[in-house]
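> What follows is a structure written as structure tokens; I'll ask about it next.
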Amino acid sequence: MSGLTRRQICQCLAAMTVALRVHAAETDAARWLPWPAGRPTPLLRLPDLDGQPWDLAQEQGLPVLLNFWATWCEPCRAEMPSFEALQERFRSSRLKVVAVNFKESRDSVLRFRDAHAPALSYVRDSYGEAARAWGVRSFPTTFVINPAGRVALTIQGELDWGSAAVQRRLQTYL
């Protein structure tokens with residue numbers, strides 16, 4: 001074994017295992033799925049937390065992340081603060097993260113926003129119709145919308161959006 005002791009080999013294997021776990025946690029914990037070619041971007045018009053209408057079409061020209069989430073979803077809750085880090089990191093690209101809450105009261109969403117991620121934009125899908133139209137089957141599900149207004153990618157599952165590995169991978173879509 002070219003002069004390596006059993007202890008050195010074990011230490012090397014342990015270090016490689018940790019590195020692989022960190023890489024998997026940053027990039028592969030969620031499923032990154034391309035949007036089907038030819039499938040149009042669904043319309044999205046929902047009220048914000050002040051009751052004002054918000055329309056995805058008005059964001060054309062900007063990269064947007066739509067995150068479908070709920071306060072009862074622990075992975076959703078865990079990843080929400082990292083969206084603020086992502087939005088800050090891509091400020092020069094004018095990235096906008098829009099948190100689309102699934103079927104919860106305005107007061108519940110306000111409490112969550114104020115305690116966990118106040119810098120994001122929030123809208124409410126009160127009846128779950130938007131989630132159905134977008135094909136959301138699990139939470140969290142995030143859609144990457146390019147500046148042309150087209151969905152580029154669907155990400156199912158929790159990510160640390162503030163991690164360098166995720167941000168590098170995401171940059172190609174923005």
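Going through the structure tokens in order, the chains are called A, B, and so on, while each chain numbers its residues from 1 and the ligands are numbered from 1 in the order shown.
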Sort by chain and increasing residue number a table of all residues of region 64-109 of chain A within 7 Å of region 133-143 of chain A, each with its closest pair of atoms and their distance in Å to one decimal, counting only C-alpha atoms, and write it as JSON lines.

```
{"residue": "A:Leu65", "atom": "CA", "partner": "A:Phe143", "partner_atom": "CA", "distance": 5.6}
{"residue": "A:Leu66", "atom": "CA", "partner": "A:Phe143", "partner_atom": "CA", "distance": 5.1}
{"residue": "A:Asn67", "atom": "CA", "partner": "A:Thr142", "partner_atom": "CA", "distance": 4.2}
{"residue": "A:Phe68", "atom": "CA", "partner": "A:Thr141", "partner_atom": "CA", "distance": 5.3}
{"residue": "A:Trp69", "atom": "CA", "partner": "A:Pro140", "partner_atom": "CA", "distance": 5.1}
{"residue": "A:Cys73", "atom": "CA", "partner": "A:Phe139", "partner_atom": "CA", "distance": 6.9}
{"residue": "A:Pro75", "atom": "CA", "partner": "A:Pro140", "partner_atom": "CA", "distance": 6.9}
{"residue": "A:Cys76", "atom": "CA", "partner": "A:Pro140", "partner_atom": "CA", "distance": 5.3}
```
> Can you write out the residues you just picked, keeping C-alpha atoms, as a PDB file, in the first residue's frame?

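Below you can see result27.pdb, which holds the result:
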```
ATOM      1  CA  LEU A  65     -37.613  31.792  -8.239  1.00  0.00           C
ATOM      2  CA  LEU A  66     -41.110  30.621  -7.324  1.00  0.00           C
ATOM      3  CA  ASN A  67     -41.034  28.567  -4.162  1.00  0.00           C
ATOM      4  CA  PHE A  68     -44.223  26.649  -3.313  1.00  0.00           C
ATOM      5  CA  TRP A  69     -44.192  26.060   0.431  1.00  0.00           C
ATOM      6  CA  CYS A  73     -43.638  21.742   5.980  1.00  0.00           C
ATOM      7  CA  PRO A  75     -38.082  21.279   4.904  1.00  0.00           C
ATOM      8  CA  CYS A  76     -39.844  24.423   3.614  1.00  0.00           C
TER       9      CYS A  76
END
```
> Among region 40-173 of chain A, which ones does DSSP place in helix (DSSP H, G or I), written as a VMD selection string?
chain A and resid 56 to 59 74 to 89 91 to 93 106 to 116 129 to 134 164 to 171
> As an exercise, work out the distance from CA of Glu84 (chain A) to CA of Arg132 (chain A) in Å and give it to one decimal place.
26.0 Å
> Report as a list in words: the residues of region 62-169 of chain A with a DSSP assignment of strand (DSSP E), based on the backbone of this structure.
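After running DSSP on the backbone, region 62-169 of chain A has strand (DSSP E) at Val64, Leu65, Leu66, Asn67, Phe68, Trp69, Lys96, Val97, Val98, Ala99, Val100, Asn101, Phe102, Ser121, Tyr122, Val123, Arg124, Asp125, Thr141, Thr142, Phe143, Val144, Ile145, Val151, Ala152, Leu153, Thr154, Ile155 and Gln156 of chain A.
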> Determine the nearest neighbour of Gln58 (chain A) from the options A:Arg39, A:Trp72, A:Gly149, A:Ala130, counting only C-alpha atoms.
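Residue with the minimum atom-to-atom distance to Gln58 (chain A): A:Gly149.
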> Compile the contact shell of Arg31 (chain A) as an MDAnalysis selection string: residues with an atom at most 10 Å away, counting only C-alpha atoms, same-chain residues fewer than 5 positions apart removed.
chainID A and resid 141 154:159
> I'd like the interatomic distance between CA of Tyr122 (chain A) and CA of Ala165 (chain A), to a tenth of an Å.
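Taking CA of Tyr122 (chain A) and CA of Ala165 (chain A), their separation equals 25.8 Å.
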> Give me, as a PyMOL selection string, all polymer residues having an atom no more than 9 Å from region 85-95 of chain A, counting only C-alpha atoms and skipping those fewer than 6 positions away in the same chain.
chain A and resi 62-65+119-120+161-163+167+171+174
> One decimal, in Å: what's the spacing between CA of Pro53 (chain A) and CA of Val123 (chain A)?
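Between CA of Pro53 (chain A) and CA of Val123 (chain A) the gap works out to 8.8 Å.
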> May I ask which of the residues A:Val151, A:Ala78, A:Ala30, A:Leu110 is the closest one to Leu43 (chain A), counting only C-alpha atoms?
A:Val151
> With only C-alpha atoms as the basis for distance, which of A:Val144, A:His116, A:Glu59, A:Pro40 is at the shortest distance from Ser82 (chain A)?
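Closest candidate: A:His116.
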> Give the answer as one residue: which of A:Lys96, A:Arg45, A:Arg124, A:Arg111 has the shortest atom-to-atom distance to Asn146 (chain A), using only C-alpha atoms?
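Among A:Lys96, A:Arg45, A:Arg124, A:Arg111, it is A:Lys96 that comes nearest to Asn146 (chain A).
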> Please determine, counting only C-alpha atoms, which residue among A:Thr71, A:Asp160, A:Val97, A:Leu46 has the shortest atom-to-atom distance to Val109 (chain A).
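Checking each of A:Thr71, A:Asp160, A:Val97, A:Leu46 against Val109 (chain A), counting only C-alpha atoms, the winner is A:Thr71.
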> Find, counting only C-alpha atoms, the residue in A:Ala164, A:Ala148, A:Leu49, A:Ala115 that gets nearest to Ala99 (chain A).
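For Ala99 (chain A), the nearest of the candidates is A:Leu49.
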